[in-house]
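Remarks on the structure that follows.
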Amino acid sequence: MRAAWALLLCVFSCSAGNPLETRLDHQMRTWQKRLGLDDWSFTLRVVRQSEIDRNSWGSSEWDPTGKTGVVMVLDPRDYNLKGGDLKLDMECTIVHELVHIQVSPLAAPNEHVREEVVNKIMTALLNRSCPN
C-alpha cells in the first residue's frame, strides 16, 4: 500500500513541470539499470531535511518481497552545496541509496544470493558483464 501511495505521489510530482525531479528520476532509472535492479519499482522523492535524519542527504525504504522502494533525496533548499557540486552530490545520494538496497541481501545465509549481489555490483562498477 505504501508503494502505491508513493507511486501516485510521483505521478503528480515527477511531471515535466518539475525539472529537478525529472532529472533525478532519470538518473535513478539509469543507476537502477546499471546496478541490476531492473525488476524493482522505485519512486524518487525530493524531501526536506525534517523528513529524513538530520545528518543525511538522502534515505530509502524498500520491500524486498514486492521489490518496491522509495529513494529520498534532500531538497536543494536544505543543501550546503550549489551548482555542479549540488548536482553531483544528489546523484551520489541516489547511487548510495540504491546500493543500500542492492546489498541488503548480503546478510542472507544463502551463498547464491550473496554472490548474485556481488556480481551485480561488479558489473555496475565495470560497466560491462564478465565472461565467467
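By convention here, the chains of the C-alpha cells are called A, B, ... in the order presented, each chain's residues are numbered starting at 1, and ligands are numbered starting at 1 in the order presented.
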Item checked: Selection near Trp62 (chain A), 10 Å with only C-alpha atoms, sequence-local residues under 2 positions removed, as a list in words ->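 So, after excluding close chain neighbours, the residues are Arg2, Ala3, Trp40, Ser41, Phe42, Ser60, Pro64, Thr65, Gly66, Lys67, Thr68, Gly69, Val70, Val71, Leu98, His100, Ile101 and Ser104 of chain A.
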Next item on the list: Determine which residues of region 9-120 of chain A receive a DSSP assignment of helix (DSSP H, G or I), computed from the backbone, and state them as JSON, numbers by chain.
Entry: {"A": [9, 10, 11, 12, 13, 19, 20, 21, 22, 23, 24, 25, 26, 27, 28, 29, 30, 31, 32, 33, 34, 49, 50, 51, 76, 77, 78, 83, 84, 85, 86, 87, 88, 89, 90, 91, 92, 93, 94, 95, 96, 97, 98, 99, 100, 101, 102, 103, 104, 105, 106, 107, 111, 112, 113, 114, 115, 116, 117, 118, 119, 120]}
Item checked: chain A: residues DSSP assigns to strand (DSSP E), reported as a VMD selection string -> chain A and resid 41 to 47 58 to 63 68 to 74
Next item on the list: Please provide as a VMD selection string all residues within 12 Å of Val113 (chain A), with the sequence filter that same-chain residues fewer than 6 positions apart are discarded (counting only C-alpha atoms).
Entry: chain A and resid 102 to 107 119 to 120
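For the choices A:Ala108, A:Val73, A:Arg34, A:Leu86, the atom-to-atom distance to Leu126 (chain A) is smallest for A:Arg34 when using only C-alpha atoms.
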Checklist line | Which of A:Glu97, A:Ser129, A:Val47, A:Arg54 sits closest to Arg77 (chain A) [using only C-alpha atoms] | finding: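 That would be A:Val47, the residue with the smallest distance to Arg77 (chain A).
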Next item on the list: Would you mind telling me which residue in A:Pro19, A:Asp85, A:Ile94, A:Asn110 lies nearest to Thr43 (chain A) when using only C-alpha atoms?
Entry: A:Ile94
Check: Any idea what's packed within 12 Å of Arg128 (chain A), counting only C-alpha atoms, ignoring anything in its chain fewer than 4 positions away? Could you give it as JSON, numbers by chain?
Finding: {"A": [33, 34, 35, 36, 119, 120, 121, 122, 123, 124]}
Note to self: Taking 3 positions as the minimum chain separation for residues in the same chain, which residues sit within 12 Å of Cys92 (chain A) when counting only C-alpha atoms? Answer as a list in words.
What the structure shows: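 Listed by chain and then number, they are Leu24, Gln27, Met28, Trp31, Trp57, Gly58, Val73, Leu74, Asp85, Leu86, Lys87, Leu88, Asp89, Val95, His96, Glu97, Leu98 and Val99 of chain A.
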Note to self: So, with only C-alpha atoms as the atoms that count, which of A:Leu81, A:Thr30, A:Ser56, A:Arg48 lies closest to Thr93 (chain A)?
What the structure shows: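 Closest candidate: A:Ser56.
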Notebook entry, point to check: Pick the closest to Glu91 (chain A) from A:Ser50, A:Leu44, A:Asn132, A:Asn18: which is it, counting only C-alpha atoms?
Noted result: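 Closest to Glu91 (chain A), using only C-alpha atoms: A:Leu44.
Pairwise distance (CA of Val46 (chain A), CA of Met90 (chain A)) equals 9.9 Å.
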